[in-house]
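Engineer: Below is the file final-v4.cif, with mmCIF, C-alpha atoms.
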data_final
loop_
_atom_site.label_atom_id
_atom_site.label_comp_id
_atom_site.auth_asym_id
_atom_site.auth_seq_id
_atom_site.Cartn_x
_atom_site.Cartn_y
_atom_site.Cartn_z
CA MET A 103 12.11 -19.13 9.30
CA SER A 104 10.07 -15.99 9.11
CA PHE A 105 11.02 -12.61 10.52
CA PRO A 106 8.96 -9.68 11.80
CA ALA A 107 8.61 -6.63 9.58
CA THR A 108 11.80 -4.62 9.10
CA ALA A 109 12.01 -1.60 11.43
CA SER A 110 10.92 1.73 10.05
CA GLN A 111 13.40 4.61 9.86
CA THR A 112 12.90 8.29 9.20
CA VAL A 113 12.86 9.64 5.64
CA GLY A 114 15.30 12.28 6.90
CA PRO A 115 15.73 15.78 5.48
CA TYR A 116 16.76 14.86 1.93
CA PHE A 117 14.02 12.46 0.81
CA SER A 118 12.99 14.68 -2.07
CA ILE A 119 15.97 13.51 -4.13
CA GLY A 120 14.57 9.99 -4.15
CA LEU A 121 10.83 10.55 -3.91
CA SER A 122 9.90 13.79 -5.68
CA TYR A 123 9.77 12.18 -9.16
CA LEU A 124 6.34 10.89 -8.11
CA ASN A 125 5.04 14.21 -6.76
CA SER A 126 1.77 15.49 -8.18
CA VAL A 127 -0.98 17.97 -7.42
CA SER A 128 -3.90 15.65 -8.20
CA VAL A 129 -5.30 12.36 -7.02
CA CYS A 130 -7.13 11.93 -10.34
CA ALA A 131 -7.41 13.50 -13.78
CA GLU A 132 -9.64 16.50 -14.48
CA SER A 133 -11.81 14.16 -16.53
CA ALA A 134 -12.56 11.80 -13.61
CA GLU A 135 -16.23 11.36 -12.74
CA GLY A 136 -17.43 12.91 -9.51
CA GLU A 137 -17.53 16.14 -7.54
CA HIS A 138 -14.20 17.88 -8.06
CA ILE A 139 -12.73 19.53 -4.97
CA SER A 140 -9.42 20.82 -3.69
CA ILE A 141 -8.01 20.45 -0.21
CA SER A 142 -5.26 22.55 1.28
CA GLY A 143 -3.74 22.96 4.70
CA GLN A 144 -0.65 23.36 6.74
CA VAL A 145 1.51 20.92 8.71
CA LEU A 146 2.48 22.35 12.12
CA ASP A 147 4.91 21.01 14.73
CA GLY A 148 4.58 21.10 18.53
CA ASP A 149 5.58 24.79 18.62
CA GLY A 150 3.04 25.64 15.92
CA VAL A 151 5.90 26.13 13.47
CA PRO A 152 5.14 25.11 9.86
CA VAL A 153 6.91 21.95 8.66
CA PRO A 154 8.49 22.75 5.29
CA ASP A 155 9.88 19.26 4.71
CA ALA A 156 6.89 16.95 5.09
CA GLN A 157 5.37 14.65 2.50
CA LEU A 158 1.77 13.42 2.34
CA GLU A 159 0.74 10.30 0.49
CA LEU A 160 -2.98 10.10 -0.26
CA TRP A 161 -5.06 7.03 -1.06
CA GLN A 162 -8.78 7.12 -1.69
CA ALA A 163 -11.69 5.47 -3.45
CA ASP A 164 -13.41 6.86 -6.55
CA ASP A 165 -16.89 8.38 -6.43
CA LYS A 166 -18.42 4.88 -6.40
CA GLY A 167 -16.25 3.70 -3.51
CA ARG A 168 -13.87 1.62 -5.63
CA PHE A 169 -10.07 1.51 -5.31
CA ALA A 170 -7.83 1.64 -8.38
CA GLY A 171 -6.20 -1.71 -9.17
CA PHE A 172 -8.37 -3.49 -6.67
CA ASP A 173 -11.40 -5.35 -7.97
CA PRO A 174 -14.05 -5.57 -5.29
CA GLY A 175 -16.28 -7.76 -7.45
CA GLU A 176 -19.70 -6.74 -8.68
CA SER A 177 -19.08 -2.97 -8.82
CA GLY A 178 -16.34 -3.34 -11.45
CA ALA A 179 -13.02 -1.62 -11.95
CA THR A 180 -12.14 2.08 -11.63
CA ALA A 181 -11.73 4.25 -14.75
CA GLU A 182 -8.36 4.95 -16.36
CA ASP A 183 -8.45 8.60 -15.29
CA PHE A 184 -8.75 7.76 -11.59
CA GLN A 185 -5.47 6.81 -9.88
CA GLY A 186 -6.55 7.35 -6.29
CA PHE A 187 -2.96 7.94 -5.16
CA ALA A 188 -0.90 11.11 -4.89
CA ARG A 189 2.35 12.14 -3.25
CA ILE A 190 2.25 15.78 -2.12
CA PRO A 191 5.14 17.69 -0.51
CA THR A 192 4.70 20.68 1.80
CA ASP A 193 6.22 23.96 0.62
CA GLU A 194 8.48 26.32 2.57
CA ARG A 195 5.43 27.57 4.53
CA GLY A 196 4.42 24.01 5.46
CA VAL A 197 1.48 24.23 3.06
CA PHE A 198 0.14 21.39 0.92
CA ARG A 199 -2.62 21.55 -1.68
CA PHE A 200 -4.19 18.96 -3.98
CA HIS A 201 -7.09 18.39 -6.31
CA THR A 202 -9.32 15.31 -6.18
CA ILE A 203 -12.91 14.13 -6.29
CA ARG A 204 -15.04 13.56 -3.23
CA PRO A 205 -14.79 9.79 -2.67
CA GLY A 206 -17.79 7.51 -2.40
CA THR A 207 -18.68 5.30 0.54
CA VAL A 208 -16.41 2.31 1.15
CA VAL A 209 -17.52 -0.91 2.80
CA THR A 210 -15.78 -2.37 5.85
CA LEU A 211 -14.79 -6.04 6.02
CA GLU A 212 -17.98 -6.62 7.97
CA GLY A 213 -20.02 -5.08 5.16
CA THR A 214 -21.00 -1.82 6.87
CA SER A 215 -20.51 1.57 5.19
CA GLN A 216 -17.76 4.08 5.85
CA ALA A 217 -18.28 7.77 5.24
CA PRO A 218 -16.26 9.32 2.39
CA HIS A 219 -12.64 9.70 3.46
CA ILE A 220 -9.08 9.97 2.18
CA VAL A 221 -6.29 8.02 3.89
CA VAL A 222 -3.20 10.15 4.54
CA LEU A 223 0.30 8.83 5.24
CA LEU A 224 2.59 11.51 6.67
CA PHE A 225 6.39 11.43 6.37
CA MET A 226 9.03 13.86 7.61
CA ARG A 227 12.38 14.21 9.30
CA GLY A 228 11.77 13.58 13.00
CA LEU A 229 9.23 10.80 12.38
CA LEU A 230 10.95 7.44 12.79
CA LYS A 231 7.78 5.87 11.39
CA HIS A 232 5.19 7.52 9.18
CA LEU A 233 1.86 8.56 10.67
CA VAL A 234 -1.53 7.49 9.33
CA THR A 235 -4.64 9.64 9.49
CA ARG A 236 -7.82 10.31 7.49
CA ILE A 237 -9.57 13.28 5.96
CA TYR A 238 -13.38 13.26 6.33
CA PHE A 239 -15.73 15.97 5.10
CA ALA A 240 -17.45 18.28 7.57
CA ASN A 241 -21.26 18.21 7.44
CA ASP A 242 -21.41 14.88 5.60
CA PRO A 243 -24.40 13.12 7.21
CA ARG A 244 -22.69 9.75 6.70
CA ASN A 245 -20.01 10.69 9.26
CA THR A 246 -22.35 9.83 12.13
CA GLY A 247 -22.33 6.13 11.26
CA ASP A 248 -18.67 5.79 10.29
CA PRO A 249 -17.06 2.93 12.26
CA VAL A 250 -13.64 4.60 12.34
CA LEU A 251 -14.87 8.05 13.38
CA LEU A 252 -17.00 6.43 16.08
CA THR A 253 -13.81 4.98 17.60
CA VAL A 254 -12.41 8.50 18.02
CA PRO A 255 -13.36 10.46 21.18
CA PRO A 256 -16.05 12.98 20.09
CA GLU A 257 -13.99 16.02 21.17
CA ARG A 258 -11.13 15.00 18.84
CA ARG A 259 -13.20 14.12 15.73
CA GLN A 260 -13.06 17.63 14.32
CA THR A 261 -9.31 17.22 13.70
CA LEU A 262 -10.24 14.77 10.93
CA LEU A 263 -12.82 17.00 9.24
CA ALA A 264 -11.99 19.08 6.18
CA GLU A 265 -14.08 22.29 6.29
CA PRO A 266 -15.38 23.97 3.14
CA THR A 267 -14.04 27.51 2.86
CA ALA A 268 -16.49 30.41 3.00
CA GLU A 269 -15.47 31.82 -0.38
CA GLN A 270 -15.31 28.60 -2.41
CA PRO A 271 -17.38 25.64 -1.17
CA GLU A 272 -15.46 23.20 -3.41
CA GLN A 273 -12.24 24.22 -1.67
CA TYR A 274 -11.62 22.58 1.68
CA ARG A 275 -9.24 23.36 4.52
CA TRP A 276 -7.63 20.65 6.62
CA ASP A 277 -4.55 21.19 8.83
CA ILE A 278 -2.26 18.69 10.52
CA ARG A 279 -1.13 19.51 14.07
CA LEU A 280 1.50 17.10 15.36
CA GLN A 281 1.10 18.11 19.02
CA GLY A 282 -0.73 20.38 21.40
CA GLU A 283 -4.21 21.85 21.24
CA ASN A 284 -6.25 20.15 18.51
CA GLU A 285 -3.53 17.56 17.92
CA THR A 286 -4.57 15.60 14.84
CA VAL A 287 -5.84 12.08 15.48
CA PHE A 288 -3.45 9.44 14.15
CA PHE A 289 -4.33 5.78 13.76
CA ALA A 290 -2.80 2.38 14.45
CA TYR A 291 -3.99 -0.77 12.72
CA MET B 281 -21.11 -7.34 0.46
CA LYS B 282 -18.33 -9.23 2.24
CA ASN B 283 -14.78 -9.05 0.94
CA LYS B 284 -12.54 -12.09 1.16
CA ILE B 285 -9.36 -10.04 1.53
CA SER B 286 -7.34 -10.94 4.64
CA PRO B 287 -6.44 -8.37 7.28
CA PHE B 288 -2.83 -7.76 8.25
CA LEU B 289 -1.26 -9.48 11.24
CA PRO B 290 -0.65 -7.27 14.27
CA LEU B 291 2.84 -5.74 14.37
CA ARG B 292 5.08 -7.66 16.74
CA PRO B 293 5.78 -5.64 19.91
CA GLY B 294 9.14 -3.89 20.09
CA THR B 295 10.04 -4.32 16.43
CA GLN B 296 9.03 -0.79 15.35
CA PRO B 297 10.25 2.51 16.80
CA ASP B 298 8.22 4.76 19.09
CA TYR B 299 7.45 8.19 17.68
CA LEU B 300 9.03 10.06 20.58
CA HIS B 301 12.71 9.09 20.81
CA PRO B 302 14.32 12.05 22.64
CA SER B 303 17.91 11.18 21.69
CA TYR B 304 16.79 11.85 18.10
CA VAL B 305 16.14 15.52 18.75
CA SER B 306 13.90 16.17 15.73
CA SER B 307 11.37 13.70 17.12
CA ILE B 308 10.64 15.90 20.14
CA LEU B 309 8.46 18.49 18.39
CA ARG B 310 7.31 16.25 15.55
CA SER B 311 5.92 13.20 17.37
CA PRO B 312 2.30 13.01 18.47
CA ARG B 313 1.71 13.27 22.22
CA GLN B 314 -1.69 11.57 22.26
CA PRO B 315 -1.69 7.79 21.90
CA LEU B 316 -2.55 6.47 18.43
CA ILE B 317 -6.15 5.31 18.15
CA VAL B 318 -6.46 1.67 17.16
CA VAL B 319 -9.12 1.27 14.48
CA PRO B 320 -10.38 -1.66 12.41
CA GLN B 321 -8.61 -2.44 9.14
CA THR B 322 -10.84 -1.68 6.17
CA LEU B 323 -10.61 -1.90 2.40
CA SER B 324 -9.13 1.61 2.46
CA GLU B 325 -5.91 0.29 4.04
CA LEU B 326 -5.95 -3.30 2.79
CA SER B 327 -5.85 -2.01 -0.78
CA GLY B 328 -3.11 0.28 -2.01
CA PRO B 329 -1.54 1.78 -5.10
CA VAL B 330 -0.09 -0.54 -7.73
CA PHE B 331 2.94 0.68 -9.66
CA GLY B 332 4.41 -0.36 -13.00
CA HIS B 333 7.57 0.61 -14.82
CA ASN B 334 5.93 3.83 -16.07
CA GLY B 335 8.09 6.79 -15.20
CA PHE B 336 11.25 4.72 -14.78
CA GLY B 337 14.38 5.82 -16.62
CA GLU B 338 16.86 3.48 -18.27
CA PHE B 339 19.38 3.71 -15.42
CA ASP B 340 17.04 3.92 -12.45
CA ASN B 341 18.58 0.66 -11.17
CA ASP B 342 22.16 1.73 -11.82
CA LEU B 343 23.08 4.92 -9.98
CA THR B 344 26.59 4.79 -11.47
CA GLN B 345 25.37 5.29 -15.04
CA GLN B 346 23.02 8.25 -14.72
CA HIS B 347 25.56 10.85 -15.88
CA ALA B 348 28.26 11.31 -18.51
CA GLY B 349 31.04 10.00 -16.30
CA ALA B 350 31.45 7.45 -13.52
CA PRO B 351 30.87 8.69 -9.97
CA LEU B 352 33.74 8.68 -7.49
CA GLY B 353 33.71 6.04 -4.80
CA GLU B 354 33.52 2.33 -4.29
CA ARG B 355 31.13 0.75 -6.80
CA ILE B 356 28.81 -1.77 -5.09
CA ILE B 357 25.92 -4.06 -5.97
CA VAL B 358 23.04 -4.20 -3.50
CA SER B 359 20.54 -7.02 -3.86
CA GLY B 360 18.12 -9.02 -1.80
CA ARG B 361 14.55 -10.09 -1.48
CA VAL B 362 11.43 -8.39 -0.27
CA LEU B 363 9.43 -10.89 1.78
CA ASP B 364 6.38 -10.72 3.97
CA GLU B 365 6.18 -11.95 7.55
CA ASN B 366 4.98 -15.31 6.28
CA ASP B 367 8.27 -15.64 4.35
CA ARG B 368 6.49 -15.23 1.01
CA PRO B 369 8.10 -13.10 -1.72
CA VAL B 370 6.52 -9.71 -2.41
CA SER B 371 6.56 -9.42 -6.19
CA ARG B 372 6.27 -6.16 -8.13
CA ALA B 373 6.90 -4.08 -5.03
CA LEU B 374 8.02 -0.54 -5.85
CA VAL B 375 11.39 0.12 -4.21
CA GLU B 376 12.75 3.68 -4.14
CA VAL B 377 16.28 4.40 -2.89
CA TRP B 378 18.28 7.54 -2.17
CA GLN B 379 21.64 8.20 -0.58
CA ALA B 380 24.64 10.48 -0.09
CA ASN B 381 27.63 10.32 -2.42
CA ALA B 382 30.97 8.71 -1.52
CA ALA B 383 32.02 11.88 0.32
CA GLY B 384 28.86 11.91 2.46
CA ARG B 385 27.04 14.72 0.63
CA TYR B 386 23.49 14.60 -0.72
CA MET B 387 22.56 16.23 -4.01
CA HIS B 388 20.07 18.41 -2.12
CA LYS B 389 20.02 22.17 -1.71
CA LYS B 390 19.63 21.96 2.07
CA ASP B 391 22.68 19.75 2.55
CA GLN B 392 25.46 22.18 3.51
CA HIS B 393 28.07 19.61 4.59
CA ALA B 394 31.47 20.84 3.44
CA ALA B 395 32.15 17.75 1.35
CA PRO B 396 32.18 17.90 -2.45
CA LEU B 397 29.19 17.18 -4.62
CA ASP B 398 29.83 14.68 -7.38
CA PRO B 399 28.46 15.88 -10.74
CA ASN B 400 28.25 12.24 -11.80
CA PHE B 401 26.12 11.08 -8.89
CA SER B 402 22.53 12.08 -8.13
CA GLY B 403 22.00 9.33 -5.56
CA ALA B 404 18.44 8.25 -6.41
CA GLY B 405 17.01 5.09 -7.98
CA ARG B 406 13.85 3.04 -8.26
CA PHE B 407 12.83 -0.41 -9.47
CA LEU B 408 10.30 -3.20 -8.97
CA THR B 409 10.92 -6.58 -7.36
CA ASP B 410 10.56 -9.59 -9.65
CA ASP B 411 8.24 -12.58 -9.18
CA SER B 412 10.56 -13.98 -6.49
CA GLY B 413 10.62 -10.68 -4.63
CA TYR B 414 14.21 -10.17 -5.80
CA TYR B 415 15.75 -6.77 -6.49
CA ARG B 416 19.23 -5.63 -7.49
CA PHE B 417 20.81 -2.26 -8.13
CA VAL B 418 24.25 -0.81 -8.66
CA THR B 419 25.49 2.24 -6.77
CA ILE B 420 28.53 3.52 -4.88
CA LYS B 421 29.05 3.08 -1.18
CA PRO B 422 27.75 6.22 0.55
CA GLY B 423 29.97 8.12 2.95
CA ALA B 424 29.27 8.93 6.60
CA TYR B 425 28.38 12.54 7.31
CA PRO B 426 28.08 14.91 10.28
CA TRP B 427 24.72 16.23 11.48
CA LYS B 428 23.58 18.59 14.19
CA ASN B 429 21.70 16.20 16.48
CA HIS B 430 24.31 16.34 19.26
CA ALA B 431 27.99 17.28 19.66
CA ASN B 432 30.15 15.52 17.05
CA ALA B 433 27.20 13.55 15.67
CA TRP B 434 27.84 11.47 12.54
CA ARG B 435 25.37 9.33 10.64
CA PRO B 436 26.69 5.87 9.80
CA ALA B 437 26.77 5.14 6.06
CA HIS B 438 23.27 4.22 4.91
CA ILE B 439 20.96 3.94 1.92
CA HIS B 440 17.33 5.03 2.33
CA PHE B 441 14.73 2.51 1.11
CA SER B 442 11.03 3.24 0.49
CA LEU B 443 8.71 0.33 -0.31
CA PHE B 444 5.13 -0.21 -1.40
CA GLY B 445 3.96 -3.79 -0.98
CA ALA B 446 0.48 -5.18 -1.56
CA GLY B 447 -1.73 -2.98 0.61
CA LEU B 448 -1.26 0.41 2.21
CA LEU B 449 -0.45 -1.09 5.61
CA THR B 450 2.74 -2.66 4.21
CA ARG B 451 4.17 0.79 3.42
CA LEU B 452 7.71 0.96 4.78
CA VAL B 453 10.52 3.50 4.73
CA THR B 454 13.75 2.27 6.27
CA GLN B 455 17.52 2.62 6.02
CA MET B 456 20.08 -0.02 5.08
CA TYR B 457 23.35 0.07 7.00
CA PHE B 458 26.72 -1.57 6.32
CA PRO B 459 28.35 -4.35 8.37
CA GLY B 460 31.09 -3.35 10.80
CA ASP B 461 30.32 0.37 10.71
CA PRO B 462 31.93 1.82 13.87
CA LEU B 463 29.37 4.66 13.96
CA LEU B 464 26.35 2.38 14.49
CA PRO B 465 26.56 2.26 18.32
CA TYR B 466 26.42 6.08 18.45
CA ASP B 467 23.54 6.70 16.06
CA PRO B 468 20.17 7.50 17.70
CA ILE B 469 18.24 6.70 14.52
CA TYR B 470 19.70 3.20 14.18
CA ASN B 471 19.36 2.69 17.96
CA CYS B 472 15.64 3.44 18.02
CA LEU B 473 14.55 0.02 19.32
CA ASN B 474 15.12 -1.92 22.50
CA ASP B 475 15.58 -5.00 20.34
CA GLU B 476 19.17 -5.46 19.18
CA ARG B 477 18.24 -8.25 16.76
CA ALA B 478 15.58 -6.13 15.08
CA GLN B 479 18.14 -3.35 14.66
CA GLN B 480 20.71 -5.75 13.23
CA ARG B 481 18.23 -6.76 10.53
CA MET B 482 18.72 -3.26 9.09
CA ILE B 483 22.41 -4.06 8.49
CA SER B 484 23.27 -5.56 5.12
CA SER B 485 25.71 -8.46 4.86
CA PHE B 486 28.78 -8.68 2.67
CA ASP B 487 27.85 -10.83 -0.33
CA LEU B 488 30.91 -12.44 -1.91
CA GLU B 489 28.76 -14.53 -4.25
CA ASN B 490 27.35 -11.47 -6.02
CA THR B 491 30.59 -9.51 -6.30
CA VAL B 492 31.74 -8.95 -9.87
CA PRO B 493 35.48 -9.60 -10.17
CA ASP B 494 37.50 -6.50 -11.05
CA THR B 495 34.27 -4.43 -10.97
CA ALA B 496 32.19 -4.26 -7.81
CA LEU B 497 31.77 -5.60 -4.28
CA ALA B 498 28.29 -6.68 -3.24
CA TYR B 499 25.99 -6.43 -0.23
CA HIS B 500 22.86 -8.42 0.53
CA TYR B 501 19.83 -6.88 2.19
CA ASP B 502 16.48 -8.61 2.70
CA ILE B 503 13.47 -6.54 3.70
CA VAL B 504 10.38 -7.87 5.44
CA LEU B 505 7.01 -6.18 4.98
CA ARG B 506 4.04 -6.61 7.26
CA GLY B 507 2.21 -9.85 6.44
CA ARG B 508 -1.43 -10.77 6.14
CA ASP B 509 -3.17 -13.46 8.09
CA ALA B 510 -1.95 -16.48 6.10
CA THR B 511 -4.89 -18.80 6.65
CA PRO B 512 -7.07 -18.03 3.61
CA MET B 513 -4.17 -18.70 1.23
CA GLU B 514 -3.51 -22.06 2.90
CA GLU B 515 -7.10 -23.12 2.47
CA GLN B 516 -6.97 -22.63 -1.29
CA ARG B 517 -4.48 -25.48 -1.77
#
As structure tokens, how would this structure be written, given the file I've shared?

Structural biologist:
Amino acid sequence: MSFPATASQTVGPYFSIGLSYLNSVSVCAESAEGEHISISGQVLDGDGVPVPDAQLELWQADDKGRFAGFDPGESGATAEDFQGFARIPTDERGVFRFHTIRPGTVVTLEGTSQAPHIVVLLFMRGLLKHLVTRIYFANDPRNTGDPVLLTVPPERRQTLLAEPTAEQPEQYRWDIRLQGENETVFFAY
Amino acid sequence: MKNKISPFLPLRPGTQPDYLHPSYVSSILRSPRQPLIVVPQTLSELSGPVFGHNGFGEFDNDLTQQHAGAPLGERIIVSGRVLDENDRPVSRALVEVWQANAAGRYMHKKDQHAAPLDPNFSGAGRFLTDDSGYYRFVTIKPGAYPWKNHANAWRPAHIHFSLFGAGLLTRLVTQMYFPGDPLLPYDPIYNCLNDERAQQRMISSFDLENTVPDTALAYHYDIVLRGRDATPMEEQR
């Protein structure tokens, strides 16, 4: 007798006591190969109020498009200094910030290429089930052929694009808006 | 290049909560208003982080032994299996738990409930499932506590569970409840589905077999993670 997946429940307001031991500020070590970047942003609720008690979980490929712990075959395994995972809390101003490398292209199950992206799982009080979204990079020419981005209505795609800041091109800005104008695109699979 | 990895089965309708659930007031401003966009599963979600014992402390699976003295409250053993929707064990799944103390107070700076903290109880643990998907930890039974959702709102006693199975799309955070809790019918978080049976699967069962005489009562709680399309595994036999 098999059962459907157990129902999701909110992490509630006090999740940090159980989850913060795994918090970090980096998806990979400083020594990891690739173009090192940082991404920061703010999580905002339907009133535009910052969410001080959210948690992001990030999962991404290395600069060659490989996932840690997952052997895709001919391209080999990821290096020791690339974890590809990070758990990042928002601070009291709803701000999150992390360091990583720009990921490589990742193949789909059909063998086509996806543009560089970071998968983001979003948890907070008020969410009975976590949300899933992606960070892409503005001005990456590969975005135009990305099978996931192409599924998103063109006028909403910019909510998934991290923009380089004017002062520091290796620093990107990407905000999460839960509702309202420029509501972030969230995915179902 | 084609990958042989199997996609996940679609979630069965009605077995997961909607984002907007107005009786849970916090969901009103924090749930998306646009429908989710259904996209193809790719390697980015079929893969996922793999965790070992690194970073675990000696008593991460015994919340009653993390301090100099024993915590107040009713000592209990919670155990069960983590399975997928094909009824196969999920081995080496990372399970993270957190909870209130016996008086219904969390060891968290934002919890202002006027119940005492227990210096001998932090209320957090973590462990991996074994090859059979089995897990077991020792804790104390958490207390119910009031919250501000509506007039005279009380959360039923619960333990938070966070799980990482094989693949990002199996990620699950849920809450384990206790059998016979009179607060369950009034709790908007527990009552987030229109499927009573799916809700009842979040309630543990009393587990006489695993009680330890003179020491601890026991509860059993199985958790099911989203399953992959089973066919490729069958063909390998």

Engineer: May I ask for the distance between CA of Gly196 in chain A and CA of Val153 in chain A, given in Å to one decimal place?

Structural biologist: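 Between CA of Gly196 in chain A and CA of Val153 in chain A the gap is 4.5 Å.
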
Engineer: Counting only C-alpha atoms, which residues of chain B fall within 6 Å of chain A, and what is the closest atom pair for each with its distance in Å at one decimal, ordered by chain and rising number, as a tab-separated table?

Structural biologist:
residue	atom	partner	partner_atom	distance
B:Met281	CA	A:Gly213	CA	5.3
B:Lys282	CA	A:Gly213	CA	5.3
B:Asn283	CA	A:Leu211	CA	5.9
B:Gln296	CA	A:Ala109	CA	5.0
B:Ser306	CA	A:Gly228	CA	4.3
B:Ser307	CA	A:Gly228	CA	4.1
B:Leu309	CA	A:Gly148	CA	4.7
B:Arg310	CA	A:Asp147	CA	5.4
B:Pro312	CA	A:Leu280	CA	5.2
B:Arg313	CA	A:Gln281	CA	5.8
B:Leu316	CA	A:Phe289	CA	5.0
B:Ile317	CA	A:Phe289	CA	4.8
B:Val318	CA	A:Ala290	CA	4.6
B:Val319	CA	A:Tyr291	CA	5.8
B:Thr322	CA	A:Thr210	CA	5.0
B:Glu365	CA	A:Pro106	CA	5.6
B:Asn366	CA	A:Ser104	CA	5.9
B:Asp367	CA	A:Ser104	CA	5.1
B:Val377	CA	A:Gly120	CA	6.0
B:Trp378	CA	A:Gly120	CA	4.9
B:Ala404	CA	A:Gly120	CA	4.8
B:Val453	CA	A:Ser110	CA	5.6
B:Thr454	CA	A:Gln111	CA	4.3
B:Gln455	CA	A:Gln111	CA	6.0
B:Ile503	CA	A:Thr108	CA	6.0
B:Val504	CA	A:Ala107	CA	4.7
B:Leu505	CA	A:Ala107	CA	4.9
B:Arg506	CA	A:Ala107	CA	5.1

Engineer: Go through B:Pro422, B:Pro302, B:Pro465, B:Pro329 one by one, measure the shortest atom-to-atom distance of each to Tyr386 in chain B using all atoms listed in the file, and give the residue with the smallest value.

Structural biologist: B:Pro422

Engineer: Taking the file above as input, evaluate the PyMOL selection byres ((chain A and resi 182) around 12) and report the hits as a list in words.

Structural biologist: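 With the shown file as input, the PyMOL selection byres ((chain A and resi 182) around 12) matches Cys130, Ala131, Glu132, Ser133, Ala134, Glu135, Asp164, Phe169, Ala170, Gly171, Ala179, Thr180, Ala181, Asp183, Phe184, Gln185 and Gly186 of chain A.
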
Engineer: For a test of reading the model, state the distance in Å between CA of Glu137 in chain A and CA of Lys166 in chain A, rounded to one decimal.

Structural biologist: 11.4 Å

Engineer: What's around Gly328 in chain B at 7 Å? Count all atoms listed in the file, leave out sequence neighbours fewer than 3 positions away in its own chain, and write the answer as a short mmCIF file (atom, residue, chain, number, x, y, z; two decimals) with C-alpha atoms, in the coordinates of the input.

Structural biologist:
data_model
loop_
_atom_site.label_atom_id
_atom_site.label_comp_id
_atom_site.auth_asym_id
_atom_site.auth_seq_id
_atom_site.Cartn_x
_atom_site.Cartn_y
_atom_site.Cartn_z
CA GLU B 325 -5.91 0.29 4.04
CA ALA B 446 0.48 -5.18 -1.56
CA GLY B 447 -1.73 -2.98 0.61
CA LEU B 448 -1.26 0.41 2.21
#

Engineer: Taking the file as shown, what set of residues would the PyMOL selection byres ((chain B and resi 430) around 10) give back, as a list in words?

Structural biologist: Ser303, Tyr304, Val305, Pro426, Trp427, Lys428, Asn429, Ala431, Asn432, Ala433, Trp434 and Pro468 of chain B

Engineer: Could you list the residues chosen by the PyMOL selection byres ((chain A and resi 144) around 8) in this structure as a PyMOL selection string?

Structural biologist: chain A and resi 142-143+145-146+152-153+192+195-198+276-278

Engineer: Write out as a list in words which residues come within 6 Å of Gly384 in chain B when counting all atoms listed in the file, dropping same-chain ones fewer than 5 positions away.

Structural biologist: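 What passes the distance filter is Gly423, Ala424 and Tyr425 of chain B.
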
Engineer: Identify which of the residues A:Glu283, A:Glu194, A:Glu159, A:Asp242 lies closest to Pro266 in chain A, counting all atoms listed in the file when measuring atom-to-atom distances.

Structural biologist: A:Asp242

Engineer: Write out as a list in words which residues come within 7 Å of Asp509 in chain B when counting all atoms listed in the file, dropping same-chain ones fewer than 2 positions away.

Structural biologist: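 The neighbour list is Ser286, Pro287, Phe288, Leu289, Gly507 and Thr511 of chain B.
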
Engineer: Given all atoms listed in the file as the basis, pick out the residue of B:Asp364, B:Asp487, B:His500, B:Val418 nearest to Leu452 in chain B.

Structural biologist: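 Answer, going by the shortest atom-to-atom distance: B:Asp364.
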
Engineer: Figure out the distance between CA of Thr267 in chain A and CA of Gln314 in chain B, please, to one decimal in Å.

Structural biologist: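 CA of Thr267 in chain A lies at a distance of 28.0 Å from CA of Gln314 in chain B.
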
Engineer: Nearest residue to Pro154 in chain A out of B:Gln479, B:Ser402, B:Phe331, B:Lys390, using all atoms listed in the file?

Structural biologist: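 Between B:Gln479, B:Ser402, B:Phe331, B:Lys390, the residue approaching Pro154 in chain A most closely is B:Lys390.
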